[in-house]
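First comes the structure, then the notes that go with it.
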Amino acid sequence: MRTKLLALIALLLSSCVMAQKEIQLPVPSKSGGMPLMEALSKRSTNRSMDSTRHLSEQQLSDLVWAAWGINRPDGRRTAPSALNRQEIDLYLIGRSSAYLYDANEHKLIPVAGGDHRAEVNNQEFTKTGDWILIFVADYSRMNSDDAQRNAITAGIDAGLIAQNVYLYGASEGLAVVVHMSLNQKEVAEILHLGTTQHIVMGQTVGLPAK
Ligand SMILES: Cc1cc2nc3c(=O)[nH]c(=O)nc-3n(C[C@H](O)[C@H](O)[C@H](O)COP(=O)(O)O)c2cc1C
């Protein structure tokens, strides 16, 4: 009886996720934007988000590409990673679904339905921000069984991606907050993370309050 009930719940959950559609992102704009030195001089954390305004699909595409997109034919990325292990996966929690960024296809794959932003942490900006990026390190892609070393490496690799997001945000006039404050257990459950996947941090992006 219990097994049947669990199977039914699993079926309902998977059909719920399947009901969410993949988002094939538009081709990222790889030119233009603010000159780098100007973006650096504007780079800042802004927690005041306008919950009524949203990033356009083009901005979302450019954001994830700038963050962690593929920028060379050999599959290397806009941010470096130790030994090119590319152990960081970028998940996005938005107002109607949560997704995994597939850099190869430049698309978002749904992993959960519903608005889970308020569950991410207890700070106001996660409720009002448009997208919450969750940096997840998959230790199975790393060349070490040393969990402490993996955590340090993943932290550095995630930080490099986060700075790309900050610079893209500065260039586009977006509000951005990188945050360690994150309900690890709840978010891991929402994203259906496996045992080798470890959340490093989050980064909320939205349109600034006027
Ligand atoms: C590793 C790290 C963790 C952070 N965690 C949080 C956080 O949990 N909540 C928050 O509001 N800001 C967080 N911040 C943002 C910092 O508070 C912010 O970067 C700092 O005040 C400097 O401001 P600036 O980014 O505008 O230069 C974090 C920043 C870093 C680098």
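By order of appearance in the structure tokens: chains A, B, ..., then residues from 1 within every chain, and ligands from 1 in the order shown.
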
Exercise. Quick one: residues within 10 Å of stretch 111-127 of chain A, only C-alpha atoms counted, chain neighbours fewer than 2 positions away excluded, as a VMD selection string?
Worked result: chain A and resid 13 to 14 16 to 22 46 to 51 91 to 100 108 to 109 129 to 132 134 175 to 177 179 to 193 202 to 206

Can you list, as a PDB file with C-alpha atoms, in the first residue's frame, every protein, DNA or RNA residue that comes within 10 Å of stretch 146-152 of chain A when you count only C-alpha atoms, leaving out same-chain residues fewer than 5 positions away?
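Generated file (around-v6.pdb):
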```
ATOM      1  CA  GLU A  87      31.568  21.232 -11.646  1.00  0.00           C
ATOM      2  CA  ALA A 137      28.748  21.984  -7.218  1.00  0.00           C
ATOM      3  CA  ASP A 138      28.713  18.358  -8.302  1.00  0.00           C
ATOM      4  CA  TYR A 139      31.620  16.820  -6.410  1.00  0.00           C
ATOM      5  CA  SER A 140      31.479  13.726  -8.646  1.00  0.00           C
ATOM      6  CA  ASP A 157      34.624  28.667  -9.191  1.00  0.00           C
ATOM      7  CA  ALA A 158      31.143  29.840  -8.162  1.00  0.00           C
ATOM      8  CA  HIS A 198      26.284  20.620  -2.931  1.00  0.00           C
ATOM      9  CA  ILE A 199      24.772  24.090  -2.877  1.00  0.00           C
ATOM     10  CA  VAL A 200      27.487  26.764  -2.772  1.00  0.00           C
TER      11      VAL A 200
END
```

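Remark: for A:Asp102, the closest of the candidate residues A:Gly75, A:Gly33, A:Pro80, A:Gly69 is A:Gly69 (distances computed over only C-alpha atoms).
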
For this session: Using DSSP on the backbone, list every residue of stretch 50-186 of chain A that comes out as strand (DSSP E), and give them as a ChimeraX atom specification.
Result: /A:88-93,97-102,107-113,131-138,175-179

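The smallest atom-to-atom distance between ligand 1 and any of A:Arg76, A:Ser44, A:Lys210, A:Leu174, using only C-alpha atoms and all ligand atoms, is found for A:Ser44.
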
Seminar exercise, completed: In terms of only C-alpha atoms and all ligand atoms, the residue from A:Lys42, A:Arg53, A:Arg85, A:His106 at minimal distance from ligand 1 is A:Lys42

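Each of A:Pro73, A:Gly169, A:Gly155, A:Pro28 was checked against ligand 1 using only C-alpha atoms and all ligand atoms; the smallest atom-to-atom distance is that of A:Gly155.
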
Seminar exercise, completed: With distances taken over only C-alpha atoms, the candidate from A:Leu167, A:Val27, A:Val178, A:Leu83 nearest A:Ala154 is A:Leu83

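One distance worth recording is that between atom 24 (P, counted along the ligand's line) of ligand 1 and atom CA of A:Arg77, which is 24.9 Å.
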
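Shortest atom-to-atom contact with ligand 1 among A:Ser61, A:Gln163, A:Gln197, A:Asn143: A:Gln163, counting only C-alpha atoms and all ligand atoms.
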